[in-house]
$ cat work_9.cif   # mmCIF, C-alpha atoms
data_final
loop_
_atom_site.group_PDB
_atom_site.id
_atom_site.type_symbol
_atom_site.label_atom_id
_atom_site.label_comp_id
_atom_site.auth_asym_id
_atom_site.auth_seq_id
_atom_site.Cartn_x
_atom_site.Cartn_y
_atom_site.Cartn_z
ATOM 1 C CA MET G 164 56.544 54.153 7.355
ATOM 2 C CA LYS G 165 55.236 50.576 7.408
ATOM 3 C CA PRO G 166 57.824 47.809 7.338
ATOM 4 C CA ALA G 167 58.527 46.332 3.909
ATOM 5 C CA TYR G 168 57.509 42.854 5.037
ATOM 6 C CA LEU G 169 53.940 44.074 5.552
ATOM 7 C CA PHE G 170 53.738 45.167 1.924
ATOM 8 C CA LEU G 171 55.244 41.861 0.857
ATOM 9 C CA SER G 172 52.725 39.900 2.965
ATOM 10 C CA ALA G 173 49.842 41.858 1.496
ATOM 11 C CA ALA G 174 51.084 41.227 -2.011
ATOM 12 C CA LEU G 175 51.439 37.519 -1.345
ATOM 13 C CA LEU G 176 47.923 37.430 0.147
ATOM 14 C CA VAL G 177 46.404 39.063 -2.940
ATOM 15 C CA ALA G 178 48.357 36.740 -5.186
ATOM 16 C CA GLY G 179 47.219 33.729 -3.123
ATOM 17 C CA VAL G 180 43.567 34.744 -3.390
ATOM 18 C CA ALA G 181 43.909 35.219 -7.128
ATOM 19 C CA TRP G 182 45.647 31.847 -7.471
ATOM 20 C CA ALA G 183 42.923 30.135 -5.380
ATOM 21 C CA GLN G 184 40.181 31.642 -7.521
ATOM 22 C CA LYS G 185 41.822 30.857 -10.823
ATOM 23 C CA PRO G 186 41.011 27.110 -11.013
ATOM 24 C CA ASP G 187 37.293 27.808 -10.397
ATOM 25 C CA SER G 188 37.319 30.486 -13.065
ATOM 26 C CA ILE G 189 38.966 28.127 -15.505
ATOM 27 C CA ARG G 190 36.438 25.389 -14.733
ATOM 28 C CA ALA G 191 33.536 27.804 -15.109
ATOM 29 C CA LYS G 192 34.858 28.965 -18.482
ATOM 30 C CA ARG G 193 35.301 25.397 -19.696
ATOM 31 C CA ILE G 194 31.737 24.527 -18.637
ATOM 32 C CA GLN G 195 30.386 27.603 -20.392
ATOM 33 C CA ASP G 196 32.379 26.805 -23.516
ATOM 34 C CA SER G 197 30.977 23.279 -23.454
ATOM 35 C CA LEU G 198 27.429 24.607 -23.135
ATOM 36 C CA ASN G 199 28.025 27.029 -25.977
ATOM 37 C CA ASN G 200 29.036 24.112 -28.195
ATOM 38 C CA LEU G 201 26.107 21.913 -27.111
ATOM 39 C CA LYS G 202 23.417 21.337 -29.721
ATOM 40 C CA ALA G 203 19.704 21.317 -28.832
ATOM 41 C CA HIS G 204 19.158 17.793 -30.169
ATOM 42 C CA GLU G 205 21.798 16.396 -27.806
ATOM 43 C CA THR G 206 19.380 16.747 -24.852
ATOM 44 C CA GLU G 207 16.345 15.366 -26.682
ATOM 45 C CA TYR G 208 15.253 11.724 -26.605
ATOM 46 C CA TYR G 209 12.440 9.855 -28.337
ATOM 47 C CA GLU G 210 12.334 6.470 -26.609
ATOM 48 C CA PRO G 211 10.506 5.029 -24.803
ATOM 49 C CA VAL G 212 7.258 6.478 -26.128
ATOM 50 C CA PRO G 213 4.622 6.947 -23.368
ATOM 51 C CA THR G 214 1.625 4.617 -23.662
ATOM 52 C CA VAL G 215 -1.551 6.287 -24.871
ATOM 53 C CA VAL G 216 -4.239 6.200 -22.152
ATOM 54 C CA THR G 217 -7.705 7.652 -22.696
ATOM 55 C CA PRO G 218 -8.814 9.568 -19.592
ATOM 56 C CA GLY G 219 -12.320 9.276 -18.196
ATOM 57 C CA ALA G 220 -14.909 11.758 -19.422
ATOM 58 C CA ASN G 221 -14.926 13.290 -15.963
ATOM 59 C CA TYR G 222 -12.114 13.553 -13.419
ATOM 60 C CA ALA G 223 -13.286 10.632 -11.274
ATOM 61 C CA ASP G 224 -14.168 8.301 -14.147
ATOM 62 C CA PRO G 225 -11.778 5.376 -14.672
ATOM 63 C CA PRO G 226 -9.268 5.785 -17.510
ATOM 64 C CA SER G 227 -8.931 3.203 -20.267
ATOM 65 C CA ASP G 228 -6.181 1.214 -18.505
ATOM 66 C CA ALA G 229 -7.856 0.999 -15.088
ATOM 67 C CA ILE G 230 -8.928 -2.189 -13.329
ATOM 68 C CA ILE G 231 -12.479 -1.669 -12.069
ATOM 69 C CA LEU G 232 -12.736 -2.851 -8.469
ATOM 70 C CA PHE G 233 -16.303 -1.670 -7.884
ATOM 71 C CA ASP G 234 -18.714 -0.048 -10.339
ATOM 72 C CA GLY G 235 -21.943 -0.500 -8.424
ATOM 73 C CA LYS G 236 -22.813 -3.920 -9.821
ATOM 74 C CA ASN G 237 -21.029 -6.706 -7.952
ATOM 75 C CA LEU G 238 -18.143 -7.738 -5.698
ATOM 76 C CA ASP G 239 -16.507 -10.114 -8.167
ATOM 77 C CA GLN G 240 -13.101 -8.505 -7.541
ATOM 78 C CA TRP G 241 -13.277 -9.001 -3.752
ATOM 79 C CA VAL G 242 -13.148 -11.730 -1.102
ATOM 80 C CA SER G 243 -13.379 -11.916 2.668
ATOM 81 C CA ALA G 244 -10.130 -10.688 4.251
ATOM 82 C CA ASN G 245 -10.391 -13.184 7.110
ATOM 83 C CA ASP G 246 -11.116 -16.164 4.851
ATOM 84 C CA THR G 247 -10.096 -15.664 1.246
ATOM 85 C CA THR G 248 -11.995 -18.797 0.195
ATOM 86 C CA LYS G 249 -15.245 -16.955 0.937
ATOM 87 C CA PRO G 250 -16.797 -14.183 -1.161
ATOM 88 C CA ALA G 251 -17.016 -10.615 0.114
ATOM 89 C CA ASP G 252 -20.305 -10.204 1.969
ATOM 90 C CA TRP G 253 -21.026 -6.486 2.006
ATOM 91 C CA VAL G 254 -24.282 -4.848 0.953
ATOM 92 C CA ILE G 255 -24.830 -3.564 -2.596
ATOM 93 C CA LYS G 256 -27.898 -1.368 -3.000
ATOM 94 C CA LYS G 257 -28.674 1.238 -5.648
ATOM 95 C CA GLY G 258 -25.123 1.040 -6.951
ATOM 96 C CA LEU G 259 -23.521 1.683 -3.569
ATOM 97 C CA LEU G 260 -21.376 -0.637 -1.459
ATOM 98 C CA THR G 261 -22.053 -0.476 2.296
ATOM 99 C CA VAL G 262 -19.880 -2.045 4.981
ATOM 100 C CA ASN G 263 -21.254 -5.174 6.673
ATOM 101 C CA LYS G 264 -19.473 -5.025 10.018
ATOM 102 C CA LYS G 265 -20.505 -8.542 10.982
ATOM 103 C CA ALA G 266 -18.875 -9.967 7.851
ATOM 104 C CA GLY G 267 -15.536 -8.258 8.485
ATOM 105 C CA SER G 268 -13.116 -6.570 6.127
ATOM 106 C CA ILE G 269 -12.858 -7.324 2.402
ATOM 107 C CA GLN G 270 -9.825 -7.417 0.119
ATOM 108 C CA THR G 271 -9.108 -7.681 -3.587
ATOM 109 C CA LYS G 272 -8.546 -11.038 -5.250
ATOM 110 C CA GLN G 273 -5.767 -9.499 -7.293
ATOM 111 C CA LEU G 274 -2.377 -8.625 -5.792
ATOM 112 C CA PHE G 275 -0.637 -5.313 -6.437
ATOM 113 C CA MET G 276 2.791 -3.742 -5.997
ATOM 114 C CA ASP G 277 2.902 -0.084 -7.084
ATOM 115 C CA TYR G 278 -0.351 1.505 -8.196
ATOM 116 C CA GLN G 279 -2.706 4.482 -8.360
ATOM 117 C CA ILE G 280 -6.119 4.024 -6.746
ATOM 118 C CA HIS G 281 -9.327 6.061 -6.745
ATOM 119 C CA VAL G 282 -11.883 5.516 -3.969
ATOM 120 C CA GLU G 283 -15.074 7.415 -3.150
ATOM 121 C CA TRP G 284 -16.662 7.034 0.298
ATOM 122 C CA ARG G 285 -19.525 8.585 2.249
ATOM 123 C CA GLU G 286 -20.410 8.819 5.911
ATOM 124 C CA PRO G 287 -24.118 8.489 6.799
ATOM 125 C CA LYS G 288 -25.768 11.907 7.055
ATOM 126 C CA ASP G 289 -27.083 10.993 10.506
ATOM 127 C CA ILE G 290 -23.733 9.603 11.722
ATOM 128 C CA GLU G 291 -23.334 9.469 15.497
ATOM 129 C CA GLY G 292 -20.394 8.996 17.826
ATOM 130 C CA SER G 293 -17.160 10.893 18.375
ATOM 131 C CA ASP G 294 -13.401 10.601 18.143
ATOM 132 C CA GLN G 295 -12.453 7.224 16.573
ATOM 133 C CA GLY G 296 -15.991 5.918 17.021
ATOM 134 C CA ARG G 297 -17.535 8.001 14.255
ATOM 135 C CA GLY G 298 -17.687 6.360 10.842
ATOM 136 C CA ASN G 299 -14.364 4.574 11.165
ATOM 137 C CA SER G 300 -12.907 2.492 8.347
ATOM 138 C CA GLY G 301 -9.585 2.196 6.567
ATOM 139 C CA LEU G 302 -8.059 1.784 3.135
ATOM 140 C CA PHE G 303 -5.253 -0.757 3.511
ATOM 141 C CA LEU G 304 -2.881 -0.043 0.664
ATOM 142 C CA ALA G 305 -1.296 -3.452 1.178
ATOM 143 C CA SER G 306 -3.094 -6.123 3.207
ATOM 144 C CA THR G 307 -0.364 -8.340 4.652
ATOM 145 C CA GLY G 308 -2.671 -10.665 6.595
ATOM 146 C CA LYS G 309 -5.977 -11.119 8.343
ATOM 147 C CA GLY G 310 -7.691 -8.492 10.460
ATOM 148 C CA ASP G 311 -5.881 -5.154 10.452
ATOM 149 C CA ASP G 312 -2.519 -6.397 9.188
ATOM 150 C CA GLY G 313 -1.081 -4.108 6.554
ATOM 151 C CA TYR G 314 -0.477 -0.458 5.703
ATOM 152 C CA GLU G 315 -3.507 1.708 6.460
ATOM 153 C CA MET G 316 -4.739 5.075 5.271
ATOM 154 C CA GLN G 317 -7.451 6.156 7.706
ATOM 155 C CA ILE G 318 -11.098 6.736 6.803
ATOM 156 C CA LEU G 319 -13.125 8.603 9.429
ATOM 157 C CA ASP G 320 -15.617 11.433 9.829
ATOM 158 C CA ASN G 321 -13.472 14.381 10.863
ATOM 159 C CA TYR G 322 -15.899 17.110 9.991
ATOM 160 C CA ASN G 323 -16.068 18.868 13.365
ATOM 161 C CA ASN G 324 -14.897 15.671 15.047
ATOM 162 C CA LYS G 325 -11.647 15.935 16.996
ATOM 163 C CA THR G 326 -9.257 13.004 17.372
ATOM 164 C CA TYR G 327 -5.495 12.444 17.419
ATOM 165 C CA THR G 328 -4.104 14.011 14.256
ATOM 166 C CA ASN G 329 -2.266 10.917 12.996
ATOM 167 C CA GLY G 330 -5.545 9.035 13.276
ATOM 168 C CA GLN G 331 -7.870 11.374 11.422
ATOM 169 C CA ALA G 332 -9.121 10.965 7.865
ATOM 170 C CA GLY G 333 -6.303 11.292 5.351
ATOM 171 C CA SER G 334 -3.630 10.148 7.792
ATOM 172 C CA ILE G 335 -1.298 7.222 7.416
ATOM 173 C CA TYR G 336 -2.705 5.685 10.550
ATOM 174 C CA LYS G 337 -0.571 6.239 13.661
ATOM 175 C CA GLN G 338 2.340 7.412 11.477
ATOM 176 C CA ASN G 339 1.655 10.697 9.697
ATOM 177 C CA ALA G 340 -1.092 13.291 9.985
ATOM 178 C CA PRO G 341 -2.611 14.768 6.809
ATOM 179 C CA LEU G 342 -1.243 18.113 5.656
ATOM 180 C CA VAL G 343 -4.743 19.618 5.804
ATOM 181 C CA ASN G 344 -8.266 18.618 6.844
ATOM 182 C CA PRO G 345 -10.505 18.748 3.731
ATOM 183 C CA ASN G 346 -13.400 16.692 5.157
ATOM 184 C CA ARG G 347 -16.837 17.399 3.751
ATOM 185 C CA PRO G 348 -19.916 17.118 6.004
ATOM 186 C CA PRO G 349 -21.469 13.686 6.625
ATOM 187 C CA GLY G 350 -23.784 12.679 3.806
ATOM 188 C CA GLU G 351 -21.497 14.127 1.115
ATOM 189 C CA TRP G 352 -19.122 12.053 -0.995
ATOM 190 C CA GLN G 353 -15.411 12.137 -0.187
ATOM 191 C CA THR G 354 -12.632 11.155 -2.606
ATOM 192 C CA TYR G 355 -9.216 9.560 -2.162
ATOM 193 C CA ASP G 356 -6.672 9.480 -4.987
ATOM 194 C CA VAL G 357 -3.580 7.650 -3.790
ATOM 195 C CA VAL G 358 -0.253 6.610 -5.304
ATOM 196 C CA TRP G 359 1.286 3.669 -3.460
ATOM 197 C CA THR G 360 4.886 2.543 -3.830
ATOM 198 C CA ALA G 361 5.492 -0.801 -2.144
ATOM 199 C CA PRO G 362 8.549 -1.367 0.061
ATOM 200 C CA ARG G 363 11.505 -3.303 -1.316
ATOM 201 C CA PHE G 364 13.806 -5.635 0.582
ATOM 202 C CA ASN G 365 17.288 -7.013 0.012
ATOM 203 C CA ASP G 366 17.947 -10.738 -0.320
ATOM 204 C CA ASP G 367 18.901 -10.936 3.362
ATOM 205 C CA GLY G 368 15.539 -9.440 4.373
ATOM 206 C CA SER G 369 16.886 -6.006 5.228
ATOM 207 C CA LEU G 370 15.025 -2.940 3.995
ATOM 208 C CA LYS G 371 16.123 -1.658 0.587
ATOM 209 C CA SER G 372 13.558 1.139 0.222
ATOM 210 C CA PRO G 373 10.532 1.998 2.393
ATOM 211 C CA ALA G 374 6.923 2.169 1.263
ATOM 212 C CA ARG G 375 5.843 5.613 0.071
ATOM 213 C CA VAL G 376 2.465 7.319 -0.249
ATOM 214 C CA THR G 377 1.266 10.387 -2.093
ATOM 215 C CA ALA G 378 -2.423 11.083 -1.507
ATOM 216 C CA PHE G 379 -5.065 13.626 -2.463
ATOM 217 C CA PHE G 380 -8.196 13.956 -0.311
ATOM 218 C CA ASN G 381 -11.066 15.740 -2.077
ATOM 219 C CA GLY G 382 -8.481 17.095 -4.502
ATOM 220 C CA LEU G 383 -6.108 18.443 -1.834
ATOM 221 C CA LEU G 384 -2.646 17.019 -1.187
ATOM 222 C CA VAL G 385 -2.596 15.369 2.253
ATOM 223 C CA GLN G 386 0.401 12.993 1.951
ATOM 224 C CA ASN G 387 3.432 14.207 0.004
ATOM 225 C CA ASN G 388 5.604 11.191 -0.873
ATOM 226 C CA PHE G 389 5.589 10.150 2.776
ATOM 227 C CA GLU G 390 7.940 7.292 3.669
ATOM 228 C CA LEU G 391 6.229 4.777 5.937
ATOM 229 C CA LYS G 392 8.131 3.455 8.924
ATOM 230 C CA GLY G 393 6.607 -0.003 8.547
ATOM 231 C CA PRO G 394 3.209 -1.716 8.575
ATOM 232 C CA THR G 395 0.434 -0.132 10.654
ATOM 233 C CA LEU G 396 0.394 -0.827 14.381
ATOM 234 C CA TYR G 397 -2.338 0.215 16.798
ATOM 235 C CA ILE G 398 0.067 -0.123 19.742
ATOM 236 C CA GLY G 399 3.808 0.396 19.448
ATOM 237 C CA HIS G 400 6.186 1.815 16.887
ATOM 238 C CA PRO G 401 6.113 0.494 13.299
ATOM 239 C CA THR G 402 9.137 -1.286 11.870
ATOM 240 C CA TYR G 403 9.971 -3.304 8.771
ATOM 241 C CA GLU G 404 11.377 -6.128 10.872
ATOM 242 C CA ASN G 405 9.978 -9.434 9.563
ATOM 243 C CA ALA G 406 8.120 -7.617 6.765
ATOM 244 C CA VAL G 407 8.020 -9.496 3.461
ATOM 245 C CA HIS G 408 8.559 -8.195 -0.056
ATOM 246 C CA GLY G 409 5.956 -8.839 -2.720
ATOM 247 C CA PRO G 410 2.547 -7.895 -4.080
ATOM 248 C CA TYR G 411 -0.432 -7.811 -1.723
ATOM 249 C CA PRO G 412 -4.193 -7.301 -1.923
ATOM 250 C CA ILE G 413 -5.898 -3.971 -1.246
ATOM 251 C CA LYS G 414 -8.191 -4.125 1.780
ATOM 252 C CA ILE G 415 -11.130 -2.057 3.056
ATOM 253 C CA GLN G 416 -11.751 -2.270 6.775
ATOM 254 C CA ALA G 417 -14.960 -3.154 8.577
ATOM 255 C CA HIS G 418 -14.225 -1.313 11.818
ATOM 256 C CA GLY G 419 -15.845 -2.461 15.037
ATOM 257 C CA ASP G 420 -17.081 0.903 16.326
ATOM 258 C CA LYS G 421 -20.805 1.273 17.040
ATOM 259 C CA SER G 422 -21.546 4.054 14.539
ATOM 260 C CA LYS G 423 -23.531 3.428 11.385
ATOM 261 C CA PRO G 424 -21.575 1.842 8.493
ATOM 262 C CA ILE G 425 -20.166 3.933 5.660
ATOM 263 C CA SER G 426 -20.611 3.402 1.916
ATOM 264 C CA PHE G 427 -18.326 3.285 -1.125
ATOM 265 C CA ARG G 428 -18.621 3.736 -4.885
ATOM 266 C CA ASN G 429 -16.440 4.091 -7.993
ATOM 267 C CA ILE G 430 -13.298 2.215 -6.965
ATOM 268 C CA TRP G 431 -10.612 1.646 -9.585
ATOM 269 C CA VAL G 432 -6.882 1.016 -9.682
ATOM 270 C CA ARG G 433 -4.024 1.446 -12.177
ATOM 271 C CA PRO G 434 -0.973 -0.771 -11.616
ATOM 272 C CA LEU G 435 2.220 1.223 -12.221
#

$ encode --input "work_9.cif" --output "structure tokens"
Amino acid sequence: MKPAYLFLSAALLVAGVAWAQKPDSIRAKRIQDSLNNLKAHETEYYEPVPTVVTPGANYADPPSDAIILFDGKNLDQWVSANDTTKPADWVIKKGLLTVNKKAGSIQTKQLFMDYQIHVEWREPKDIEGSDQGRGNSGLFLASTGKGDDGYEMQILDNYNNKTYTNGQAGSIYKQNAPLVNPNRPPGEWQTYDVVWTAPRFNDDGSLKSPARVTAFFNGLLVQNNFELKGPTLYIGHPTYENAVHGPYPIKIQAHGDKSKPISFRNIWVRPL
């Protein structure tokens, strides 16, 4: 025969478990009762009403609320990145914009914070070189100064061209490799569709929220709400130290490699 205290202990244990479970059961019942009494209209809202925007006839065409940065006609929306008092001096021919490496990078006259941008670019069919010296350029989502200052998304020919993964096309340069490599062969048009969220800073200059990028490369997701660690650095680790809050121009890089220059078309942006 088992001692009576063992039966008593077992009974107390069962009672304790039941007591411990009871509050959760009560809460669950109250929640369910509340849901049962909830009306459908209580979770519906009608304001604010989304703005009506007419999409382009085709996927890549600018929608009705887009700012046209380049449509094959002129560079009125751009200036020299190294001297903003001078006009952009790249080559426009047959509706295409080709990098003039001697003139340096170009940037938009207008400043932007958060936005969606569409850019189409093409490597020369007879492109030569390898690694980072093969059709190199960059889309600077925020140009914070002259030269290569800013936050860069890499442009490069990575169709059968090996390089470091956080420096290939579709990467946030030196920070995050693309999720996939969707490069088309040289001579074919490539497409970037990017959503940029600018960093925010507190009044004391400390970081409030980092910059973020979501990007599609030829229709494939390559950056999924990636949080940047700071402005782009060629050497060293990026940081937001001394970074400044505010709107900035968008910049396209004239890289100094010896390969033939790349071309652009159909560039538009939607401030968010």

$ closest_residue --input "work_9.cif" --among "G:Asn344, G:Gln416, G:Asn429, G:Thr328" --to "Asn245 in chain G" --atoms "all atoms listed in the file"
G:Gln416

$ closest_atom_pairs --input "work_9.cif" --of "range 288-377 of chain G" --to "range 391-396 of chain G" --cutoff "9 Å" --atoms "all atoms listed in the file" --output "JSON lines"
{"residue": "G:Ala305", "atom": "CA", "partner": "G:Pro394", "partner_atom": "CA", "distance": 8.8}
{"residue": "G:Thr307", "atom": "CA", "partner": "G:Pro394", "partner_atom": "CA", "distance": 8.5}
{"residue": "G:Asp311", "atom": "CA", "partner": "G:Thr395", "partner_atom": "CA", "distance": 8.1}
{"residue": "G:Asp312", "atom": "CA", "partner": "G:Thr395", "partner_atom": "CA", "distance": 7.1}
{"residue": "G:Gly313", "atom": "CA", "partner": "G:Pro394", "partner_atom": "CA", "distance": 5.3}
{"residue": "G:Tyr314", "atom": "CA", "partner": "G:Pro394", "partner_atom": "CA", "distance": 4.8}
{"residue": "G:Glu315", "atom": "CA", "partner": "G:Thr395", "partner_atom": "CA", "distance": 6.0}
{"residue": "G:Ile335", "atom": "CA", "partner": "G:Leu391", "partner_atom": "CA", "distance": 8.1}
{"residue": "G:Tyr336", "atom": "CA", "partner": "G:Thr395", "partner_atom": "CA", "distance": 6.6}
{"residue": "G:Lys337", "atom": "CA", "partner": "G:Thr395", "partner_atom": "CA", "distance": 7.1}
{"residue": "G:Gln338", "atom": "CA", "partner": "G:Leu391", "partner_atom": "CA", "distance": 7.3}
{"residue": "G:Asn339", "atom": "CA", "partner": "G:Leu391", "partner_atom": "CA", "distance": 8.4}
{"residue": "G:Pro362", "atom": "CA", "partner": "G:Gly393", "partner_atom": "CA", "distance": 8.8}
{"residue": "G:Pro373", "atom": "CA", "partner": "G:Leu391", "partner_atom": "CA", "distance": 6.2}
{"residue": "G:Ala374", "atom": "CA", "partner": "G:Leu391", "partner_atom": "CA", "distance": 5.4}
{"residue": "G:Arg375", "atom": "CA", "partner": "G:Leu391", "partner_atom": "CA", "distance": 5.9}
{"residue": "G:Val376", "atom": "CA", "partner": "G:Leu391", "partner_atom": "CA", "distance": 7.7}

$ atom_distance --input "work_9.cif" --atom1 "CA of Gln353 in chain G" --atom2 "CA of Asp289 in chain G"
15.9 Å

$ resolve_selection --input "work_9.cif" --expression "the PyMOL selection byres ((chain G and resi 228) around 8)" --output "ChimeraX atom specification"
/G:216-217,225-227,229-230,433

$ residues_around --input "work_9.cif" --residues "Lys414 in chain G" --least-positions-apart "6" --cutoff "8 Å" --atoms "all atoms listed in the file" --output "list of chain:residue names"
G:Ala244, G:Ser268, G:Ile269, G:Gln270, G:Thr271, G:Leu302, G:Phe303, G:Leu304, G:Ala305, G:Ser306

$ resolve_selection --input "work_9.cif" --expression "the PyMOL selection byres ((chain G and resi 294) around 9)" --output "list in words"
Gly292, Ser293, Gln295, Gly296, Arg297, Leu319, Asp320, Asn321, Asn324, Lys325, Thr326, Tyr327 and Gln331 of chain G

$ resolve_selection --input "work_9.cif" --expression "the PyMOL selection byres ((chain G and resi 426) around 9)" --output "PDB file with C-alpha atoms, keeping the file's coordinate frame"
ATOM      1  CA  LEU G 259     -23.521   1.683  -3.569  1.00  0.00           C
ATOM      2  CA  LEU G 260     -21.376  -0.637  -1.459  1.00  0.00           C
ATOM      3  CA  THR G 261     -22.053  -0.476   2.296  1.00  0.00           C
ATOM      4  CA  VAL G 262     -19.880  -2.045   4.981  1.00  0.00           C
ATOM      5  CA  GLU G 283     -15.074   7.415  -3.150  1.00  0.00           C
ATOM      6  CA  TRP G 284     -16.662   7.034   0.298  1.00  0.00           C
ATOM      7  CA  ARG G 285     -19.525   8.585   2.249  1.00  0.00           C
ATOM      8  CA  GLU G 286     -20.410   8.819   5.911  1.00  0.00           C
ATOM      9  CA  PRO G 287     -24.118   8.489   6.799  1.00  0.00           C
ATOM     10  CA  PRO G 424     -21.575   1.842   8.493  1.00  0.00           C
ATOM     11  CA  ILE G 425     -20.166   3.933   5.660  1.00  0.00           C
ATOM     12  CA  PHE G 427     -18.326   3.285  -1.125  1.00  0.00           C
ATOM     13  CA  ARG G 428     -18.621   3.736  -4.885  1.00  0.00           C
TER      14      ARG G 428
END

$ axis_aligned_box --input "work_9.cif" --around "range 386-402 of chain G" --padding-each-side "4 Å" --output "JSON"
{"center_x": 3.4, "center_y": 6.2, "center_z": 9.4, "size_x": 19.5, "size_y": 23.9, "size_z": 28.6}

$ atom_distance --input "work_9.cif" --atom1 "CA of Pro434 in chain G" --atom2 "CA of Gly219 in chain G"
16.5 Å

$ residues_around --input "work_9.cif" --residues "Tyr322 in chain G" --least-positions-apart "5" --cutoff "8 Å" --atoms "all atoms listed in the file" --output "PDB file with C-alpha atoms, in the frame of the given file"
ATOM      1  CA  ASN G 346     -13.400  16.692   5.157  1.00  0.00           C
ATOM      2  CA  ARG G 347     -16.837  17.399   3.751  1.00  0.00           C
ATOM      3  CA  PRO G 348     -19.916  17.118   6.004  1.00  0.00           C
ATOM      4  CA  PRO G 349     -21.469  13.686   6.625  1.00  0.00           C
TER       5      PRO G 349
END

$ atom_distance --input "work_9.cif" --atom1 "CA of Tyr411 in chain G" --atom2 "CA of Lys256 in chain G"
28.2 Å

$ closest_residue --input "work_9.cif" --among "G:Met276, G:Val282, G:Ala332, G:Val358" --to "Gly409 in chain G" --atoms "only C-alpha atoms"
G:Met276

$ decode --input "work_9.cif" --residues "range 414-429 of chain G" --atoms "N, CA and C atoms" --output "PDB file, in the first residue's frame"
ATOM      1  N   LYS G 414      22.365  59.988 -57.904  1.00  0.00           N
ATOM      2  CA  LYS G 414      23.587  60.113 -58.719  1.00  0.00           C
ATOM      3  C   LYS G 414      23.822  58.847 -59.534  1.00  0.00           C
ATOM      4  N   ILE G 415      24.346  59.017 -60.756  1.00  0.00           N
ATOM      5  CA  ILE G 415      24.804  57.893 -61.571  1.00  0.00           C
ATOM      6  C   ILE G 415      26.303  58.058 -61.796  1.00  0.00           C
ATOM      7  N   GLN G 416      27.024  57.001 -61.538  1.00  0.00           N
ATOM      8  CA  GLN G 416      28.484  57.052 -61.496  1.00  0.00           C
ATOM      9  C   GLN G 416      29.132  56.902 -62.879  1.00  0.00           C
ATOM     10  N   ALA G 417      30.153  57.710 -63.101  1.00  0.00           N
ATOM     11  CA  ALA G 417      31.059  57.516 -64.231  1.00  0.00           C
ATOM     12  C   ALA G 417      32.312  56.847 -63.654  1.00  0.00           C
ATOM     13  N   HIS G 418      32.364  55.539 -63.728  1.00  0.00           N
ATOM     14  CA  HIS G 418      33.458  54.790 -63.112  1.00  0.00           C
ATOM     15  C   HIS G 418      34.720  54.906 -63.969  1.00  0.00           C
ATOM     16  N   GLY G 419      35.858  54.818 -63.317  1.00  0.00           N
ATOM     17  CA  GLY G 419      37.123  55.030 -64.014  1.00  0.00           C
ATOM     18  C   GLY G 419      37.747  53.816 -64.649  1.00  0.00           C
ATOM     19  N   ASP G 420      37.044  52.674 -64.695  1.00  0.00           N
ATOM     20  CA  ASP G 420      37.658  51.493 -65.322  1.00  0.00           C
ATOM     21  C   ASP G 420      37.795  51.712 -66.827  1.00  0.00           C
ATOM     22  N   LYS G 421      38.609  50.876 -67.471  1.00  0.00           N
ATOM     23  CA  LYS G 421      38.967  51.092 -68.877  1.00  0.00           C
ATOM     24  C   LYS G 421      37.981  50.477 -69.863  1.00  0.00           C
ATOM     25  N   SER G 422      36.954  49.803 -69.395  1.00  0.00           N
ATOM     26  CA  SER G 422      35.997  49.183 -70.318  1.00  0.00           C
ATOM     27  C   SER G 422      35.114  50.244 -70.972  1.00  0.00           C
ATOM     28  N   LYS G 423      34.442  49.843 -72.027  1.00  0.00           N
ATOM     29  CA  LYS G 423      33.595  50.775 -72.763  1.00  0.00           C
ATOM     30  C   LYS G 423      32.431  51.245 -71.894  1.00  0.00           C
ATOM     31  N   PRO G 424      31.982  52.481 -72.070  1.00  0.00           N
ATOM     32  CA  PRO G 424      30.921  53.041 -71.208  1.00  0.00           C
ATOM     33  C   PRO G 424      29.572  52.406 -71.467  1.00  0.00           C
ATOM     34  N   ILE G 425      28.738  52.372 -70.428  1.00  0.00           N
ATOM     35  CA  ILE G 425      27.402  51.797 -70.537  1.00  0.00           C
ATOM     36  C   ILE G 425      26.389  52.895 -70.860  1.00  0.00           C
ATOM     37  N   SER G 426      25.170  52.469 -71.197  1.00  0.00           N
ATOM     38  CA  SER G 426      24.114  53.402 -71.588  1.00  0.00           C
ATOM     39  C   SER G 426      22.882  53.220 -70.702  1.00  0.00           C
ATOM     40  N   PHE G 427      22.046  54.277 -70.687  1.00  0.00           N
ATOM     41  CA  PHE G 427      20.831  54.293 -69.881  1.00  0.00           C
ATOM     42  C   PHE G 427      19.658  54.772 -70.728  1.00  0.00           C
ATOM     43  N   ARG G 428      18.452  54.434 -70.280  1.00  0.00           N
ATOM     44  CA  ARG G 428      17.228  54.956 -70.882  1.00  0.00           C
ATOM     45  C   ARG G 428      16.106  54.851 -69.845  1.00  0.00           C
ATOM     46  N   ASN G 429      15.009  55.556 -70.100  1.00  0.00           N
ATOM     47  CA  ASN G 429      13.773  55.419 -69.336  1.00  0.00           C
ATOM     48  C   ASN G 429      14.019  55.451 -67.826  1.00  0.00           C
TER      49      ASN G 429
END
